[in-house]
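Q: One structure follows; several queries about it will come next.
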Amino acid sequence: MLIDPVDLVRELVRRPTVSGDPRPQRDLMGTVAEVVTARAPRLLRTDGEDPDHPWTLLATPADPGRPRLLFACHVDTVPAADAVHWQRDPFGAEAEDGRVWGRGGSDMKAGLVAAAAAVAAADPETPVGLLLTSDEEIGSHGAAVAAQALAGSPTGAVVVPEATGNEVVLGHRGALWLAVRAAGRAAHGSTPHLGHNAVLDLVAVLARAGADLPLASEPFLGTETWNPGVIAGGTVPNVVPDAAEVVVDMRTVGDGAALQAWWRAQPEVAEVDVRVDLPPLRTDADDPWVRALPATVRAEPATYFTDGSVLGPLAAGAPVVVWGPGTPAVMHARDEYVEVAELTQAVAVFGEVVSRWG
């Protein structure tokens with residue numbers, strides 16, 4: 001019996017799996033594993049042992065002479081914190097107007113389902129695998145743990161089925177998230193000259209950053225960016241704040257060392273902590289497997305990061321592409337959806353790629 005992709009996407013969208021909460025993510029991995037192995041009992045199941053960052057691999061037995069085609073799919077989503085402003089229940093998984101609506105539809109439960117359907121339907125002799133990961137949205141933690149645990153597994157190519165409108169994407173910038181802190185001295189708000197305002201220090205650093213940050217460029221990946229996404233400081237209006245912090249999201253084309261060094265060198269900065277440090281991803285367009293893929297290869301990189309950043313120990317030089325159903329513009333947005341036609345197309349082309357795999 002084949003997997004019904006629309007039904008399975010609706011089932012997965014109905015189940016909230018927000019990043020940082022491992023239990024529902026683990027439960028959803030178990031559901032997918034049961035569905036896939038019921039149709040492909042030849043696949044071996046391996047579950048990660050990290051309770052905070054679960055992962056599951058469903059794969060044919062390892063054979064060094066026959067590397068697997070691996071689909072790597074995260075199960076977590078961003079929250080639907082503004083659910084009252086959605087036109088539909090974000091976890092209702094309504095099927096209407098040729099779409100499945102709800103949080104995670106495009107990012108990336110549709111891609112997960114298309115990959116699961118292709119792996120489940122594969123010829124028993126074809127070496128394939130489906131890797132399910134957690135906490136991609138907050139730094140690809142599950143994939144990083146899985147890649148280390150599975151290092152050395154025979155992998156010939158990796159598909160990360162994120163939302164690309166079913167076009168093949170060959171890379172993206174990395175991500176460097178830094179918590180930058182300033183330290184001051186508290187005083188009464190009526191005598192600010194007796195204290196030292198940490199918020200003003202942080203504001204001064206941020207004002208300089210726009211002009212002075214050493215943002216690098218790369219011909220394919222483009223120019224690095226920075227965004228102060230979260231800022232906090234002070235307790236009440238009538239106290240000079242003695243601490244302030246900003247979390248800066250920088251999208252990188254290199255190792256980010258120069259960016260870290262800049263923040264650490266600023267005289268107002270007391271401390272810098274690395275929250276996320278993911279390398280960029282780039283695959284050669286002339287790779288023979290990439291050139292044979294039955295899809296358009298996009299000339300531009302993805303704007304977002306993916307688990308592809310951290311799969312190096314597992315991929316071990318194999319080509320990694322980002323390629324799946326879904327509309328990038330609705331990722332993380334209200335009224336997220338996936339087009340059923342794109343989902344159906346992804347199931348077909350993933351199945352074709354699996355059937356060609358040696």
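So you can find residues: chains in the structure tokens are A, B, ... in the order shown, residues in each start at 1, and ligands are numbered from 1 in order.
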Give me, as CSV, the closest atom pair and its distance (Å, one decimal) for every residue of range 219-270 of chain A within a cut-off of 8 Å of range 197-213 of chain A, counting only C-alpha atoms, rows sorted by chain and rising number.

A:
residue,atom,partner,partner_atom,distance
A:Gly233,CA,A:Val199,CA,6.0
A:Gly234,CA,A:Val199,CA,7.4
A:Val240,CA,A:Asn197,CA,5.6
A:Pro241,CA,A:Asn197,CA,5.4
A:Asp242,CA,A:Ala198,CA,5.4
A:Ala243,CA,A:Ala198,CA,5.2
A:Ala244,CA,A:Val199,CA,5.4
A:Glu245,CA,A:Leu202,CA,7.4
A:Val246,CA,A:Leu202,CA,7.7
A:Leu259,CA,A:Leu213,CA,6.8
A:Trp262,CA,A:Leu213,CA,6.8
A:Gln266,CA,A:Val205,CA,7.2
A:Glu268,CA,A:Asp201,CA,5.6
A:Val269,CA,A:Leu202,CA,7.5

Q: Which is closer to Trp177 in chain A than all the others in A:Val160, A:Ala270, A:Val322, A:Ile138, using only C-alpha atoms?

A: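 Of A:Val160, A:Ala270, A:Val322, A:Ile138, the one nearest Trp177 in chain A is A:Ile138, counting only C-alpha atoms.
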
Q: List every residue of range 197-279 of chain A that has an atom at most 10 Å from any atom of range 305-318 of chain A, giving for each one its closest atom pair and the distance in Å to one decimal, counting only C-alpha atoms, sorted by chain and then by ascending residue number, as CSV.

A:
residue,atom,partner,partner_atom,distance
A:Arg251,CA,A:Phe305,CA,8.5
A:Asp277,CA,A:Ser309,CA,9.6
A:Leu278,CA,A:Ser309,CA,5.9
A:Pro279,CA,A:Ser309,CA,5.5

Q: Output N, CA and C atoms for every residue in the selection just made, as a short mmCIF file (atom, residue, chain, number, x, y, z; two decimals), in the first residue's frame.

A:
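What ended up in part_10.cif:
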data_model
loop_
_atom_site.label_atom_id
_atom_site.label_comp_id
_atom_site.auth_asym_id
_atom_site.auth_seq_id
_atom_site.Cartn_x
_atom_site.Cartn_y
_atom_site.Cartn_z
N ARG A 251 24.38 36.26 8.66
CA ARG A 251 24.41 35.21 7.65
C ARG A 251 25.75 35.30 6.92
N ASP A 277 26.45 28.63 15.27
CA ASP A 277 27.56 28.83 14.34
C ASP A 277 27.49 27.73 13.29
N LEU A 278 26.82 28.04 12.17
CA LEU A 278 26.63 27.07 11.10
C LEU A 278 27.39 27.52 9.86
N PRO A 279 28.16 26.64 9.24
CA PRO A 279 28.91 27.03 8.05
C PRO A 279 28.00 27.16 6.84
#

Q: Quick one: DSSP strand (DSSP E) residues in range 38-285 of chain A, as a ChimeraX atom specification?

A: /A:44-47,55-59,68-74,95-96,99-101,128-133,155-160,171-172,174-183,217-218,222-223,225-233,243-252,269-278,281-282

Q: May I ask for the distance between CA of Arg23 in chain A and CA of Pro5 in chain A, given in Å to one decimal place?

A: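 Interatomic distance here is 23.9 Å.
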
Q: CA of Pro90 in chain A and CA of Ala333 in chain A are how many Å apart?

A: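 Computing the Euclidean distance for CA of Pro90 in chain A and CA of Ala333 in chain A yields 10.5 Å.
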
Q: For range 45-53 of chain A, list every protein, DNA or RNA residue within 6 Å, evaluated using only C-alpha atoms, and leave out those in the same chain fewer than 6 positions away; present the list as an NGL selection string.

A: :A and (22 or 134 or 142)

Q: Would you put the residues from that selection into a file with C-alpha atoms, as a PDB file, in the first residue's frame?

A:
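The new file selection.pdb reads:
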ATOM      1  CA  PRO A  22      11.755  17.319  22.118  1.00  0.00           C
ATOM      2  CA  SER A 134      14.932  17.976  15.439  1.00  0.00           C
ATOM      3  CA  GLY A 142      19.377  17.399  15.888  1.00  0.00           C
TER       4      GLY A 142
END

Q: Using only C-alpha atoms, which protein or nucleic acid residues come within 9 Å of Asp63 in chain A? Drop anything in the same chain fewer than 5 positions from it, and give the result as JSON, numbers by chain.

A: {"A": [68, 127, 153, 154]}

Q: I need the residues from that last selection saved to file as a short mmCIF file (atom, residue, chain, number, x, y, z; two decimals), in the first residue's frame (with N, CA, C and O atoms), if you can.

A:
data_model
loop_
_atom_site.label_atom_id
_atom_site.label_comp_id
_atom_site.auth_asym_id
_atom_site.auth_seq_id
_atom_site.Cartn_x
_atom_site.Cartn_y
_atom_site.Cartn_z
N ARG A 68 24.38 5.30 0.10
CA ARG A 68 22.95 5.61 0.08
C ARG A 68 22.68 6.98 -0.52
O ARG A 68 23.49 7.91 -0.43
N PRO A 127 19.89 1.41 -2.30
CA PRO A 127 20.37 1.92 -1.01
C PRO A 127 19.89 3.34 -0.75
O PRO A 127 20.32 4.29 -1.42
N SER A 153 28.98 6.63 7.69
CA SER A 153 27.96 5.87 6.97
C SER A 153 28.10 6.13 5.48
O SER A 153 28.36 7.27 5.07
N PRO A 154 27.94 5.12 4.64
CA PRO A 154 28.14 5.31 3.19
C PRO A 154 27.04 6.18 2.58
O PRO A 154 25.90 5.75 2.46
#

Q: Find the residues near Asp123 in chain A: any atom within 12 Å, counting only C-alpha atoms, skip ones fewer than 5 places away on the same chain, and give them as a list in words.

A: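 Residues near the query, excluding close chain neighbours: Arg39, Ala40, Pro41, Arg42, Leu43, Thr60, Ala118, Val128, Gly351, Glu352, Val353, Val354, Ser355, Arg356, Trp357 and Gly358 of chain A.
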